[in-house]
Amino acid sequence: MLALKLLLVPAFLGLLTLVARWLGPAVAGWLAGLPLVAGPIVLILALEQGAAFAATAATATLAAVVASTAFGLAYAHTAQRHGWPVALATGLAAWVMVAALMQQLAPGLPLAVLLAVAVLALAPRAFPKVVAEASHRPGSQELLLRMVAGALLTLAVAQAAASIGGHWSGLLALFPVLASVLAVFSHRHSGPGFAATLLQGLARGMFSLVAFFAVLAPLLVRRPLAEAFGAAVLACLLVQVATLRRR
């Protein structure tokens with residue numbers, strides 16, 4: 001479990017950094033929407049806390065899509081006028097406020113799916129109209145720093161999630177680990193337009209994450225763990241292919 005926490009997210013961050021350089025920030029953001037942080041965290045919760053706990057967390061993760069989108073919008077708009085520390089603080093404040101609202105609302109699975117889909121459908125139009133600057137080519141030290149930052153954030157979130165109950169665990173599973181690291185480094189080295197375009201791509205790519213957890217949440221308490229996650233992965237990939245065709 002520790003190896004999964006410390007290796008998967010840094011490896012994905014390294015891949016996304018290269019994708020951003022080769023194919024642009026919109027594609028990198030779209031790929032960042034895959035549940036490659038939240039999925040393993042919920043798997044860890046299922047193995048350590050049981051299927052019922054993980055099912056509650058999976059439903060809450062769907063509600064957390066609203067908070068993650070709020071982070072992206074707040075960061076992208078603030079970044080056009082301020083540096084990355086102010087933009088990051090504003091984005092995280094937006095995430096905390098919306099996550100707290102989702103905690104109080106505690107939507108069931110149908111409402112959580114509806115909220116997530118509605119927000120993702122509307123969000124791309126709410127991002128600032130920008131032109132992405134040329135991508136900075138990160139050196140080996142910067143790439144390593146991104147990966148270390150991702151590993152530490154993932155470890156902290158997973159450790160916290162295991163001790164605060166199923167609902168907050170699900171919300172924290174979608175804490176903007178990838179978005180924070182990618183946005184800050186992109187903002188610093190490639191400009192606010194690049195960061196905003198990446199975050200907008202993330203909002204467009206999170207439909208696959210919604211599909212993953214919409215399938216996973218009910219199956220966790222009805223089917224064996226392997227079958228539940230297998231069906232969720234299949235649904236995720238089908239939606240990701242569909243959004244690729246649309247792009």
# chains A, B, ... in the order shown; residues from 1 in each chain; ligands from 1
$ residues_around --residues "segment 77-89 of chain A" --least-positions-apart "6" --cutoff "8 Å" --atoms "only C-alpha atoms" --output "list in words"
Phe127, Pro128, Ser180, Val184, His187, Arg188, Pro192, Gly193 and Ala196 of chain A
$ write_last_selection --atoms "C-alpha atoms" --output "compact mmCIF listing (two decimals), in the first residue's frame"
# COMPACT_ATOMS: atom_id res chain seq x y z
CA PHE A 127 -12.77 29.72 -17.18
CA PRO A 128 -10.96 32.89 -18.28
CA SER A 180 -2.05 21.95 -7.31
CA VAL A 184 1.83 25.89 -9.62
CA HIS A 187 2.16 29.01 -13.63
CA ARG A 188 5.72 29.61 -12.46
CA PRO A 192 -0.90 32.01 -16.07
CA GLY A 193 -2.48 31.28 -19.44
CA ALA A 196 -5.56 28.19 -16.77
$ residues_around --residues "Val221 of chain A" --least-positions-apart "3" --cutoff "7 Å" --atoms "only C-alpha atoms" --output "short mmCIF file (atom, residue, chain, number, x, y, z; two decimals) with C-alpha atoms, in the first residue's frame"
data_model
loop_
_atom_site.label_atom_id
_atom_site.label_comp_id
_atom_site.auth_asym_id
_atom_site.auth_seq_id
_atom_site.Cartn_x
_atom_site.Cartn_y
_atom_site.Cartn_z
CA ALA A 51 -16.35 -2.05 1.57
CA ALA A 52 -19.13 -0.07 3.30
CA ALA A 55 -18.70 3.03 -0.67
CA PRO A 218 -23.03 0.86 -5.51
#
$ residues_around --residues "Leu62 of chain A" --least-positions-apart "6" --cutoff "7 Å" --atoms "only C-alpha atoms" --output "mmCIF file with N, CA and C atoms, in the first residue's frame"
data_model
loop_
_atom_site.group_PDB
_atom_site.id
_atom_site.type_symbol
_atom_site.label_atom_id
_atom_site.label_comp_id
_atom_site.auth_asym_id
_atom_site.auth_seq_id
_atom_site.Cartn_x
_atom_site.Cartn_y
_atom_site.Cartn_z
ATOM 1 N N ALA A 112 -25.345 13.247 -6.014
ATOM 2 C CA ALA A 112 -23.909 13.504 -6.181
ATOM 3 C C ALA A 112 -23.508 13.400 -7.646
ATOM 4 N N VAL A 113 -24.022 12.380 -8.349
ATOM 5 C CA VAL A 113 -23.732 12.241 -9.782
ATOM 6 C C VAL A 113 -24.293 13.421 -10.557
ATOM 7 N N ALA A 116 -22.176 16.565 -9.955
ATOM 8 C CA ALA A 116 -20.877 16.480 -10.617
ATOM 9 C C ALA A 116 -20.994 16.694 -12.124
ATOM 10 N N VAL A 210 -16.094 10.716 -12.849
ATOM 11 C CA VAL A 210 -17.478 10.590 -12.412
ATOM 12 C C VAL A 210 -18.021 9.202 -12.769
ATOM 13 N N PHE A 213 -16.577 6.466 -10.290
ATOM 14 C CA PHE A 213 -17.142 6.394 -8.947
ATOM 15 C C PHE A 213 -18.646 6.157 -8.960
#
$ residues_around --residues "segment 164-178 of chain A" --least-positions-apart "6" --cutoff "6 Å" --atoms "only C-alpha atoms" --output "PyMOL selection string"
chain A and resi 38+53+56-58+60-61+64
$ write_last_selection --atoms "N, CA and C atoms" --output "compact mmCIF listing (two decimals), in the first residue's frame"
# COMPACT_ATOMS: atom_id res chain seq x y z
N ALA A 38 -7.57 9.60 -6.71
CA ALA A 38 -8.73 9.23 -5.89
C ALA A 38 -9.00 7.72 -5.94
N PHE A 53 -17.40 1.37 4.21
CA PHE A 53 -16.68 2.64 4.41
C PHE A 53 -16.26 3.21 3.06
N THR A 56 -19.16 4.73 1.00
CA THR A 56 -19.49 6.08 1.46
C THR A 56 -18.48 7.08 0.92
N ALA A 57 -17.20 6.70 0.97
CA ALA A 57 -16.15 7.58 0.46
C ALA A 57 -16.29 7.80 -1.04
N ALA A 58 -16.65 6.76 -1.78
CA ALA A 58 -16.79 6.89 -3.23
C ALA A 58 -17.91 7.86 -3.59
N ALA A 60 -18.98 10.33 -1.68
CA ALA A 60 -18.49 11.66 -1.32
C ALA A 60 -17.48 12.18 -2.33
N THR A 61 -16.72 11.29 -2.94
CA THR A 61 -15.75 11.72 -3.95
C THR A 61 -16.48 12.33 -5.15
N ALA A 64 -17.22 15.72 -4.28
CA ALA A 64 -15.98 16.51 -4.24
C ALA A 64 -15.58 17.03 -5.62
$ atom_distance --atom1 "atom CA of Val239 of chain A" --atom2 "atom CA of Tyr75 of chain A"
26.4 Å
